[in-house]
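Student: This is work-v6.cif, which holds mmCIF, C-alpha atoms:
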```
data_structure
#
loop_
_atom_site.label_atom_id
_atom_site.label_comp_id
_atom_site.auth_asym_id
_atom_site.auth_seq_id
_atom_site.Cartn_x
_atom_site.Cartn_y
_atom_site.Cartn_z
CA MET A 1 31.54 55.61 -22.01
CA ILE A 2 32.02 52.03 -20.79
CA ARG A 3 31.76 53.19 -17.18
CA ALA A 4 28.54 55.03 -17.97
CA ILE A 5 27.01 51.94 -19.57
CA ALA A 6 28.05 49.74 -16.63
CA PHE A 7 26.59 52.23 -14.16
CA ALA A 8 23.32 52.32 -16.09
CA LEU A 9 23.11 48.53 -16.08
CA MET A 10 23.72 48.43 -12.33
CA CYS A 11 20.94 50.94 -11.76
CA SER A 12 18.56 48.91 -13.91
CA VAL A 13 19.31 45.71 -12.00
CA SER A 14 18.86 47.47 -8.66
CA ALA A 15 15.57 48.98 -9.76
CA LEU A 16 14.34 45.55 -10.90
CA ALA A 17 15.34 43.96 -7.58
CA ILE A 18 13.55 46.70 -5.64
CA ALA A 19 10.46 46.28 -7.78
CA GLN A 20 10.44 42.51 -7.19
CA GLU A 21 10.90 42.93 -3.45
CA SER A 22 8.07 45.44 -3.24
CA LYS A 23 5.70 43.23 -5.25
CA PRO A 24 2.84 42.04 -2.99
CA VAL A 25 3.23 38.42 -1.88
CA ALA A 26 0.19 36.23 -2.46
CA PRO A 27 -1.38 35.05 0.79
CA PRO A 28 -1.10 31.31 1.56
CA ALA A 29 -3.93 29.11 0.39
CA ALA A 30 -6.74 28.82 2.88
CA ALA A 31 -6.69 25.73 5.07
CA THR A 32 -9.23 23.04 4.38
CA ASP A 33 -12.56 23.94 5.96
CA ALA A 34 -13.35 20.62 7.62
CA PRO A 35 -16.67 21.73 9.18
CA ALA A 36 -17.87 22.90 5.77
CA ILE A 37 -16.92 19.60 4.10
CA ALA A 38 -18.53 17.69 6.95
CA LYS A 39 -21.73 19.71 6.55
CA ASN A 40 -21.92 19.68 2.75
CA VAL A 41 -20.49 16.24 1.96
CA CYS A 42 -20.49 13.93 4.99
CA ALA A 43 -23.51 14.98 7.06
CA ALA A 44 -26.17 13.15 5.04
CA CYS A 45 -24.68 9.78 5.93
CA HIS A 46 -22.54 10.37 9.04
CA GLY A 47 -23.99 13.47 10.66
CA VAL A 48 -22.24 16.83 10.70
CA ASP A 49 -20.50 15.88 13.97
CA GLY A 50 -19.79 12.30 12.97
CA ASN A 51 -22.75 10.80 14.81
CA SER A 52 -24.75 8.90 12.23
CA ALA A 53 -28.52 8.70 12.59
CA ILE A 54 -28.53 5.84 10.09
CA PRO A 55 -27.52 2.50 11.69
CA ALA A 56 -26.10 1.18 8.42
CA ASN A 57 -23.57 4.03 8.34
CA PRO A 58 -20.75 4.25 10.88
CA ASN A 59 -20.31 6.79 13.60
CA LEU A 60 -17.09 8.70 12.91
CA ALA A 61 -17.04 10.88 16.02
CA GLY A 62 -14.11 10.06 18.28
CA GLN A 63 -12.56 7.61 15.82
CA HIS A 64 -8.76 7.59 15.53
CA ALA A 65 -7.69 10.25 13.01
CA SER A 66 -4.96 7.99 11.59
CA TYR A 67 -7.51 5.22 10.98
CA LEU A 68 -9.89 7.63 9.23
CA VAL A 69 -7.03 8.86 7.04
CA LYS A 70 -6.20 5.30 6.02
CA GLN A 71 -9.80 4.47 5.18
CA LEU A 72 -10.40 7.63 3.15
CA LYS A 73 -7.21 7.03 1.18
CA ASN A 74 -8.22 3.41 0.63
CA PHE A 75 -11.48 4.63 -0.92
CA LYS A 76 -9.52 6.63 -3.51
CA THR A 77 -7.91 5.45 -6.72
CA SER A 78 -4.15 5.23 -6.13
CA PRO A 79 -1.79 7.78 -7.78
CA ASP A 80 -0.60 5.10 -10.21
CA GLY A 81 -4.15 4.40 -11.36
CA LYS A 82 -4.83 1.23 -9.38
CA PRO A 83 -8.45 0.80 -8.21
CA PRO A 84 -9.34 1.68 -4.61
CA LEU A 85 -8.33 -0.88 -2.00
CA ARG A 86 -11.74 -0.46 -0.40
CA GLN A 87 -14.70 -0.67 -2.74
CA ASN A 88 -17.90 1.22 -1.96
CA ALA A 89 -20.03 2.84 -4.63
CA VAL A 90 -20.88 5.85 -2.47
CA MET A 91 -17.60 6.41 -0.64
CA ASN A 92 -15.41 5.93 -3.72
CA GLY A 93 -17.18 8.88 -5.30
CA MET A 94 -17.14 10.98 -2.14
CA ALA A 95 -13.43 10.45 -1.49
CA ALA A 96 -12.30 10.96 -5.10
CA PRO A 97 -12.05 14.80 -5.04
CA LEU A 98 -10.50 15.02 -1.56
CA THR A 99 -6.86 16.11 -1.42
CA ASP A 100 -4.41 14.72 1.13
CA ASP A 101 -4.81 17.92 3.14
CA ASP A 102 -8.60 17.58 3.00
CA ILE A 103 -8.37 14.02 4.28
CA LYS A 104 -6.00 14.85 7.14
CA THR A 105 -8.00 17.87 8.27
CA LEU A 106 -11.34 16.08 7.96
CA ALA A 107 -10.02 13.07 9.91
CA ALA A 108 -8.71 15.32 12.67
CA TYR A 109 -12.07 17.11 12.82
CA PHE A 110 -14.12 13.94 13.27
CA SER A 111 -11.65 12.46 15.75
CA LYS A 112 -12.22 15.45 18.04
CA GLN A 113 -16.02 15.20 18.01
CA THR A 114 -17.86 13.65 20.96
CA LEU A 115 -19.38 10.26 20.21
CA THR A 116 -23.02 9.68 20.97
CA PRO A 117 -22.70 5.90 21.34
CA ALA A 118 -25.13 3.25 20.22
CA VAL A 119 -26.53 0.91 22.86
CA ALA A 120 -26.86 -2.85 23.20
CA LYS A 121 -30.52 -3.85 22.98
CA ASP A 122 -30.35 -7.65 23.21
CA GLU A 123 -28.88 -8.57 26.59
CA LYS A 124 -28.69 -12.30 25.88
CA LEU A 125 -26.88 -11.74 22.60
CA ALA A 126 -24.54 -9.23 24.22
CA VAL A 127 -23.55 -11.82 26.86
CA GLU A 128 -22.52 -14.21 24.10
CA GLY A 129 -20.67 -11.40 22.39
CA ARG A 130 -18.80 -10.61 25.60
CA LYS A 131 -17.35 -14.14 25.65
CA LEU A 132 -16.15 -13.85 22.06
CA TRP A 133 -14.83 -10.34 22.63
CA ARG A 134 -12.75 -11.30 25.65
CA ALA A 135 -11.85 -14.93 24.99
CA GLY A 136 -12.62 -15.73 21.37
CA ASP A 137 -13.55 -19.25 20.29
CA ALA A 138 -10.54 -21.55 20.57
CA LYS A 139 -12.32 -24.48 18.90
CA LYS A 140 -12.91 -22.45 15.75
CA GLY A 141 -9.63 -20.59 15.88
CA ILE A 142 -11.29 -17.22 16.51
CA PRO A 143 -9.08 -14.92 18.62
CA ALA A 144 -10.45 -12.51 21.20
CA CYS A 145 -11.57 -9.22 19.66
CA ALA A 146 -10.03 -7.44 22.65
CA GLY A 147 -6.58 -8.51 21.47
CA CYS A 148 -6.66 -5.84 18.76
CA HIS A 149 -9.60 -3.59 19.60
CA GLY A 150 -8.99 -3.42 23.34
CA VAL A 151 -11.06 -4.63 26.27
CA ALA A 152 -13.08 -1.41 26.20
CA GLY A 153 -13.22 -1.23 22.41
CA ALA A 154 -10.84 1.73 22.12
CA GLY A 155 -8.89 0.18 19.24
CA LEU A 156 -5.37 1.09 18.15
CA PRO A 157 -4.58 4.14 15.96
CA ALA A 158 -4.19 3.50 12.22
CA GLN A 159 -4.54 -0.29 12.35
CA TYR A 160 -7.55 -1.14 14.50
CA PRO A 161 -10.62 1.11 14.82
CA ALA A 162 -12.42 1.97 18.01
CA LEU A 163 -15.62 -0.09 18.03
CA ALA A 164 -17.12 0.96 21.35
CA GLY A 165 -20.56 2.45 20.75
CA GLN A 166 -20.56 1.68 17.03
CA HIS A 167 -23.86 0.84 15.35
CA PRO A 168 -24.34 -2.97 15.40
CA ASP A 169 -25.77 -2.93 11.87
CA TYR A 170 -22.60 -1.36 10.53
CA THR A 171 -20.27 -3.68 12.46
CA ILE A 172 -22.17 -6.72 11.21
CA SER A 173 -22.05 -5.51 7.60
CA GLN A 174 -18.29 -5.03 7.76
CA LEU A 175 -17.71 -8.47 9.24
CA GLN A 176 -19.82 -9.95 6.46
CA GLN A 177 -17.89 -8.00 3.85
CA PHE A 178 -14.60 -9.23 5.27
CA ARG A 179 -15.91 -12.80 5.24
CA ASP A 180 -17.11 -12.52 1.65
CA GLY A 181 -13.96 -10.76 0.46
CA VAL A 182 -15.88 -7.65 -0.55
CA ARG A 183 -13.77 -5.62 1.84
CA ALA A 184 -10.09 -6.45 1.51
CA ASN A 185 -8.10 -3.55 2.95
CA ASP A 186 -7.25 -5.26 6.24
CA PRO A 187 -3.52 -5.68 7.01
CA GLU A 188 -2.27 -9.20 6.28
CA ALA A 189 -5.88 -10.28 5.58
CA MET A 190 -6.34 -10.55 9.34
CA MET A 191 -10.03 -9.66 9.48
CA ARG A 192 -10.86 -11.72 6.41
CA THR A 193 -9.30 -14.76 8.05
CA ILE A 194 -11.16 -14.23 11.33
CA ALA A 195 -14.53 -13.36 9.79
CA ALA A 196 -14.39 -16.46 7.58
CA LYS A 197 -14.61 -18.57 10.76
CA MET A 198 -17.53 -16.70 12.30
CA THR A 199 -21.20 -17.56 12.03
CA ASP A 200 -23.81 -14.87 11.42
CA LYS A 201 -24.94 -15.23 15.04
CA GLN A 202 -21.39 -14.70 16.33
CA MET A 203 -21.07 -11.59 14.20
CA SER A 204 -24.33 -10.25 15.60
CA ALA A 205 -23.28 -11.09 19.15
CA VAL A 206 -19.93 -9.30 18.88
CA ALA A 207 -21.56 -6.28 17.24
CA GLU A 208 -24.22 -6.10 19.95
CA TYR A 209 -21.63 -6.28 22.72
CA ALA A 210 -19.39 -3.65 21.08
CA ALA A 211 -22.33 -1.26 20.83
CA GLY A 212 -22.64 -1.29 24.59
CA LEU A 213 -18.94 -0.75 25.30
CA ARG A 214 -17.69 2.62 26.49
CA GLN A 215 -14.10 3.76 26.14
#
```
Any chance you could put this one into structure tokens?

Tutor:
Amino acid sequence: MIRAIAFALMCSVSALAIAQESKPVAPPAAATDAPAIAKNVCAACHGVDGNSAIPANPNLAGQHASYLVKQLKNFKTSPDGKPPLRQNAVMNGMAAPLTDDDIKTLAAYFSKQTLTPAVAKDEKLAVEGRKLWRAGDAKKGIPACAGCHGVAGAGLPAQYPALAGQHPDYTISQLQQFRDGVRANDPEAMMRTIAAKMTDKQMSAVAEYAAGLRQ
């Protein structure tokens, strides 16, 4: 009798195991559709391929993926509830629903797009900007922009963005925000310190020169 019960239990366990093994496995979740997000969320301001038609909004095409990841995360409220490191009424709302996977995939997508660069329009201003870009202003304690962003404006992944071909209007606005403390997500307050020493004309000159750079 005991042997019969034991045998029955063994059969039941085996049948359960077989049933579990034969149960269909759910397919993995679909990967983030970066082109769809770019089209439905980002395109109005940055263009579907990251080339913004609005000078006040930055070109994202060809930008370092690691830098884009950092900025998108800085626009989001932190996991512990702290406010975003980078404040922007539009971008804070746009970044809020993005998951980490969304951010990484979207950043990779834009980094692989081909930049349609802006152009320098004021030659005289660009010449002044070239001096600041390459040599800085020792008297005012302004270092050369090329020290971090590269001679050709290629930047450095994660820390320093590529600025070659960026819209001058956008570059100027960011320098002003750093100077005024509105933007404060720069490592060691580096850009806030530099921008605080720059005049509006110097900001315009650097932005004009950067627009004409090509990586």

Student: Using all atoms listed in the file, which of A:Asp137, A:Asp186, A:Asp180, A:Asp49 sits nearest Pro161 (chain A)?

Tutor: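 The answer is A:Asp186, which sits nearest to Pro161 (chain A).
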
Student: Might you pull out every residue within 7 Å of region 116-130 of chain A, with all atoms listed in the file counted and same-chain residues fewer than 3 positions away left off, and present them as a PyMOL selection string?

Tutor: chain A and resi 51+133-134+165-167+202+205-206+208-209+211-212

Student: Any chance you could resolve the PyMOL selection byres ((chain A and resi 65) around 7) against this file and give the residues as a PyMOL selection string?

Tutor: chain A and resi 63-64+66-69+107-108+111

Student: How far is it from CA of Leu163 (chain A) to CA of Asp101 (chain A), in Å with one decimal?

Tutor: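 Interatomic distance, CA of Leu163 (chain A) to CA of Asp101 (chain A): 25.7 Å.
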
Student: Using all atoms listed in the file, pick whichever of A:Cys148, A:Lys140, A:Thr171, A:Lys112 has the shortest atom-to-atom distance to Ala196 (chain A).

Tutor: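 Of A:Cys148, A:Lys140, A:Thr171, A:Lys112, the one nearest Ala196 (chain A) is A:Lys140, counting all atoms listed in the file.
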
Student: Run the PyMOL selection byres ((chain A and resi 177) around 12) against the file shown and list the residues it catches, as a PyMOL selection string.

Tutor: chain A and resi 86-88+170-176+178-186+191-196+200+203

Student: Report, in Å to a single decimal, how far apart CA of Lys131 (chain A) and CA of Ser204 (chain A) are.

Tutor: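 Computed distance, CA of Ser204 (chain A) to CA of Lys131 (chain A), equals 12.8 Å.
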
Student: Considering all atoms listed in the file, return as a list in words whatever protein or nucleic-acid residues lie within 7 Å of Tyr160 (chain A), sequence-local ones (same chain, fewer than 4 positions apart) excluded.

Tutor: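 Here the qualifying residues turn out to be Cys148, His149, Gly155 and Leu156 of chain A.
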
Student: Using all atoms listed in the file, which of the listed residues (A:Ala158, A:Leu132, A:Leu98, A:Ala164) sits closest to Leu213 (chain A)?

Tutor: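 That would be A:Ala164, the residue with the smallest distance to Leu213 (chain A).
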
Student: What's the separation between CA of Asp80 (chain A) and CA of Glu188 (chain A), in Å to one decimal place?

Tutor: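 Separation of CA of Asp80 (chain A) and CA of Glu188 (chain A): 21.9 Å.
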
Student: Under the rule that all atoms listed in the file are counted, which of A:Pro35, A:Val41, A:Lys197, A:Pro97 is the nearest residue to Lys139 (chain A)?

Tutor: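 Among the listed residues, the smallest separation from Lys139 (chain A) belongs to A:Lys197.
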
Student: From the options A:Lys201, A:Ala154, A:Phe110, A:Asn74, which residue's atoms come nearest to Gly62 (chain A), counting all atoms listed in the file?

Tutor: A:Phe110

Student: Can you list, as a PDB file with C-alpha atoms, in the frame of the given file, every protein, DNA or RNA residue that comes within 8 Å of Asn57 (chain A) when you count all atoms listed in the file, leaving out same-chain residues fewer than 2 positions away?

Tutor:
```pdb
ATOM      1  CA  CYS A  45     -24.680   9.780   5.930  1.00  0.00           C
ATOM      2  CA  HIS A  46     -22.540  10.370   9.040  1.00  0.00           C
ATOM      3  CA  SER A  52     -24.750   8.900  12.230  1.00  0.00           C
ATOM      4  CA  ILE A  54     -28.530   5.840  10.090  1.00  0.00           C
ATOM      5  CA  PRO A  55     -27.520   2.500  11.690  1.00  0.00           C
ATOM      6  CA  ASN A  59     -20.310   6.790  13.600  1.00  0.00           C
ATOM      7  CA  HIS A 167     -23.860   0.840  15.350  1.00  0.00           C
ATOM      8  CA  TYR A 170     -22.600  -1.360  10.530  1.00  0.00           C
TER       9      TYR A 170
END
```

Student: Going by the chain IDs and residue numbers used in this file, which residues fall under the PyMOL selection byres ((chain A and resi 96) around 8)? Write them as an mmCIF file with C-alpha atoms, in the coordinates of the input.

Tutor:
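Written file, out-v4.cif:
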```cif
data_model
loop_
_atom_site.group_PDB
_atom_site.id
_atom_site.type_symbol
_atom_site.label_atom_id
_atom_site.label_comp_id
_atom_site.auth_asym_id
_atom_site.auth_seq_id
_atom_site.Cartn_x
_atom_site.Cartn_y
_atom_site.Cartn_z
ATOM 1 C CA PHE A 75 -11.480 4.630 -0.920
ATOM 2 C CA LYS A 76 -9.520 6.630 -3.510
ATOM 3 C CA THR A 77 -7.910 5.450 -6.720
ATOM 4 C CA ASN A 92 -15.410 5.930 -3.720
ATOM 5 C CA GLY A 93 -17.180 8.880 -5.300
ATOM 6 C CA MET A 94 -17.140 10.980 -2.140
ATOM 7 C CA ALA A 95 -13.430 10.450 -1.490
ATOM 8 C CA PRO A 97 -12.050 14.800 -5.040
ATOM 9 C CA LEU A 98 -10.500 15.020 -1.560
#
```

Student: Name all residues at most 9 Å from Asp33 (chain A) (count only C-alpha atoms; drop same-chain ones fewer than 4 positions away) and give them as a list in words.

Tutor: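 Contacts, with the query itself left out: Ile37, Ala38, Asp102, Thr105 and Leu106 of chain A.
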
Student: Start from the incomplete input, build N, CA and C atoms for region 117-152 of chain A, and deliver everything as a PDB file, in the coordinates of the input.

Tutor:
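Result written to out22.pdb:
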```
ATOM      1  N   PRO A 117     -22.799   7.332  21.623  1.00  0.00           N
ATOM      2  CA  PRO A 117     -22.700   5.900  21.340  1.00  0.00           C
ATOM      3  C   PRO A 117     -24.031   5.189  21.153  1.00  0.00           C
ATOM      4  N   ALA A 118     -23.972   4.126  20.360  1.00  0.00           N
ATOM      5  CA  ALA A 118     -25.130   3.250  20.220  1.00  0.00           C
ATOM      6  C   ALA A 118     -25.261   2.460  21.524  1.00  0.00           C
ATOM      7  N   VAL A 119     -26.323   1.704  21.646  1.00  0.00           N
ATOM      8  CA  VAL A 119     -26.530   0.910  22.860  1.00  0.00           C
ATOM      9  C   VAL A 119     -26.854  -0.530  22.488  1.00  0.00           C
ATOM     10  N   ALA A 120     -26.503  -1.442  23.395  1.00  0.00           N
ATOM     11  CA  ALA A 120     -26.860  -2.850  23.200  1.00  0.00           C
ATOM     12  C   ALA A 120     -28.319  -3.022  23.571  1.00  0.00           C
ATOM     13  N   LYS A 121     -29.085  -3.692  22.738  1.00  0.00           N
ATOM     14  CA  LYS A 121     -30.520  -3.850  22.980  1.00  0.00           C
ATOM     15  C   LYS A 121     -30.909  -5.283  23.328  1.00  0.00           C
ATOM     16  N   ASP A 122     -30.055  -6.234  22.950  1.00  0.00           N
ATOM     17  CA  ASP A 122     -30.350  -7.650  23.210  1.00  0.00           C
ATOM     18  C   ASP A 122     -29.356  -8.159  24.248  1.00  0.00           C
ATOM     19  N   GLU A 123     -29.780  -8.211  25.496  1.00  0.00           N
ATOM     20  CA  GLU A 123     -28.880  -8.570  26.590  1.00  0.00           C
ATOM     21  C   GLU A 123     -28.310  -9.984  26.429  1.00  0.00           C
ATOM     22  N   LYS A 124     -29.136 -10.924  26.044  1.00  0.00           N
ATOM     23  CA  LYS A 124     -28.690 -12.300  25.880  1.00  0.00           C
ATOM     24  C   LYS A 124     -27.622 -12.408  24.795  1.00  0.00           C
ATOM     25  N   LEU A 125     -27.837 -11.721  23.700  1.00  0.00           N
ATOM     26  CA  LEU A 125     -26.880 -11.740  22.600  1.00  0.00           C
ATOM     27  C   LEU A 125     -25.586 -11.054  23.007  1.00  0.00           C
ATOM     28  N   ALA A 126     -25.716  -9.967  23.764  1.00  0.00           N
ATOM     29  CA  ALA A 126     -24.540  -9.230  24.220  1.00  0.00           C
ATOM     30  C   ALA A 126     -23.673 -10.081  25.151  1.00  0.00           C
ATOM     31  N   VAL A 127     -24.292 -10.930  25.957  1.00  0.00           N
ATOM     32  CA  VAL A 127     -23.550 -11.820  26.860  1.00  0.00           C
ATOM     33  C   VAL A 127     -22.699 -12.798  26.035  1.00  0.00           C
ATOM     34  N   GLU A 128     -23.273 -13.315  24.982  1.00  0.00           N
ATOM     35  CA  GLU A 128     -22.520 -14.210  24.100  1.00  0.00           C
ATOM     36  C   GLU A 128     -21.383 -13.439  23.420  1.00  0.00           C
ATOM     37  N   GLY A 129     -21.688 -12.221  23.031  1.00  0.00           N
ATOM     38  CA  GLY A 129     -20.670 -11.400  22.390  1.00  0.00           C
ATOM     39  C   GLY A 129     -19.517 -11.076  23.313  1.00  0.00           C
ATOM     40  N   ARG A 130     -19.838 -10.895  24.595  1.00  0.00           N
ATOM     41  CA  ARG A 130     -18.800 -10.610  25.600  1.00  0.00           C
ATOM     42  C   ARG A 130     -17.775 -11.743  25.666  1.00  0.00           C
ATOM     43  N   LYS A 131     -18.248 -12.980  25.607  1.00  0.00           N
ATOM     44  CA  LYS A 131     -17.350 -14.140  25.650  1.00  0.00           C
ATOM     45  C   LYS A 131     -16.410 -14.134  24.453  1.00  0.00           C
ATOM     46  N   LEU A 132     -16.973 -13.893  23.271  1.00  0.00           N
ATOM     47  CA  LEU A 132     -16.150 -13.850  22.060  1.00  0.00           C
ATOM     48  C   LEU A 132     -15.172 -12.681  22.106  1.00  0.00           C
ATOM     49  N   TRP A 133     -15.662 -11.534  22.576  1.00  0.00           N
ATOM     50  CA  TRP A 133     -14.830 -10.340  22.630  1.00  0.00           C
ATOM     51  C   TRP A 133     -13.607 -10.549  23.522  1.00  0.00           C
ATOM     52  N   ARG A 134     -13.831 -11.169  24.663  1.00  0.00           N
ATOM     53  CA  ARG A 134     -12.750 -11.300  25.650  1.00  0.00           C
ATOM     54  C   ARG A 134     -11.927 -12.577  25.523  1.00  0.00           C
ATOM     55  N   ALA A 135     -12.559 -13.653  25.034  1.00  0.00           N
ATOM     56  CA  ALA A 135     -11.850 -14.930  24.990  1.00  0.00           C
ATOM     57  C   ALA A 135     -11.787 -15.576  23.614  1.00  0.00           C
ATOM     58  N   GLY A 136     -12.593 -15.113  22.679  1.00  0.00           N
ATOM     59  CA  GLY A 136     -12.620 -15.730  21.370  1.00  0.00           C
ATOM     60  C   GLY A 136     -13.290 -17.086  21.391  1.00  0.00           C
ATOM     61  N   ASP A 137     -13.019 -17.880  20.381  1.00  0.00           N
ATOM     62  CA  ASP A 137     -13.550 -19.250  20.290  1.00  0.00           C
ATOM     63  C   ASP A 137     -12.400 -20.138  19.856  1.00  0.00           C
ATOM     64  N   ALA A 138     -11.738 -20.747  20.831  1.00  0.00           N
ATOM     65  CA  ALA A 138     -10.540 -21.550  20.570  1.00  0.00           C
ATOM     66  C   ALA A 138     -10.822 -22.715  19.613  1.00  0.00           C
ATOM     67  N   LYS A 139     -11.990 -23.336  19.742  1.00  0.00           N
ATOM     68  CA  LYS A 139     -12.320 -24.480  18.900  1.00  0.00           C
ATOM     69  C   LYS A 139     -12.374 -24.104  17.423  1.00  0.00           C
ATOM     70  N   LYS A 140     -12.796 -22.892  17.142  1.00  0.00           N
ATOM     71  CA  LYS A 140     -12.910 -22.450  15.750  1.00  0.00           C
ATOM     72  C   LYS A 140     -11.728 -21.593  15.306  1.00  0.00           C
ATOM     73  N   GLY A 141     -10.797 -21.388  16.231  1.00  0.00           N
ATOM     74  CA  GLY A 141      -9.630 -20.590  15.880  1.00  0.00           C
ATOM     75  C   GLY A 141      -9.914 -19.105  15.771  1.00  0.00           C
ATOM     76  N   ILE A 142     -10.928 -18.635  16.517  1.00  0.00           N
ATOM     77  CA  ILE A 142     -11.290 -17.220  16.510  1.00  0.00           C
ATOM     78  C   ILE A 142     -10.634 -16.540  17.708  1.00  0.00           C
ATOM     79  N   PRO A 143      -9.730 -15.606  17.492  1.00  0.00           N
ATOM     80  CA  PRO A 143      -9.080 -14.920  18.620  1.00  0.00           C
ATOM     81  C   PRO A 143     -10.014 -13.920  19.284  1.00  0.00           C
ATOM     82  N   ALA A 144      -9.659 -13.512  20.476  1.00  0.00           N
ATOM     83  CA  ALA A 144     -10.450 -12.510  21.200  1.00  0.00           C
ATOM     84  C   ALA A 144     -10.380 -11.169  20.474  1.00  0.00           C
ATOM     85  N   CYS A 145     -11.523 -10.539  20.315  1.00  0.00           N
ATOM     86  CA  CYS A 145     -11.570  -9.220  19.660  1.00  0.00           C
ATOM     87  C   CYS A 145     -10.736  -8.200  20.439  1.00  0.00           C
ATOM     88  N   ALA A 146     -10.741  -8.378  21.780  1.00  0.00           N
ATOM     89  CA  ALA A 146     -10.030  -7.440  22.650  1.00  0.00           C
ATOM     90  C   ALA A 146      -8.538  -7.405  22.367  1.00  0.00           C
ATOM     91  N   GLY A 147      -8.006  -8.469  21.763  1.00  0.00           N
ATOM     92  CA  GLY A 147      -6.580  -8.510  21.470  1.00  0.00           C
ATOM     93  C   GLY A 147      -6.123  -7.372  20.568  1.00  0.00           C
ATOM     94  N   CYS A 148      -7.000  -6.933  19.678  1.00  0.00           N
ATOM     95  CA  CYS A 148      -6.660  -5.840  18.760  1.00  0.00           C
ATOM     96  C   CYS A 148      -7.462  -4.568  19.040  1.00  0.00           C
ATOM     97  N   HIS A 149      -8.711  -4.747  19.420  1.00  0.00           N
ATOM     98  CA  HIS A 149      -9.600  -3.590  19.600  1.00  0.00           C
ATOM     99  C   HIS A 149      -9.693  -3.122  21.042  1.00  0.00           C
ATOM    100  N   GLY A 150      -9.007  -3.828  21.946  1.00  0.00           N
ATOM    101  CA  GLY A 150      -8.990  -3.420  23.340  1.00  0.00           C
ATOM    102  C   GLY A 150     -10.180  -3.929  24.121  1.00  0.00           C
ATOM    103  N   VAL A 151      -9.992  -4.139  25.413  1.00  0.00           N
ATOM    104  CA  VAL A 151     -11.060  -4.630  26.270  1.00  0.00           C
ATOM    105  C   VAL A 151     -12.264  -3.694  26.242  1.00  0.00           C
ATOM    106  N   ALA A 152     -11.996  -2.395  26.204  1.00  0.00           N
ATOM    107  CA  ALA A 152     -13.080  -1.410  26.200  1.00  0.00           C
ATOM    108  C   ALA A 152     -13.458  -0.946  24.799  1.00  0.00           C
TER     109      ALA A 152
END
```
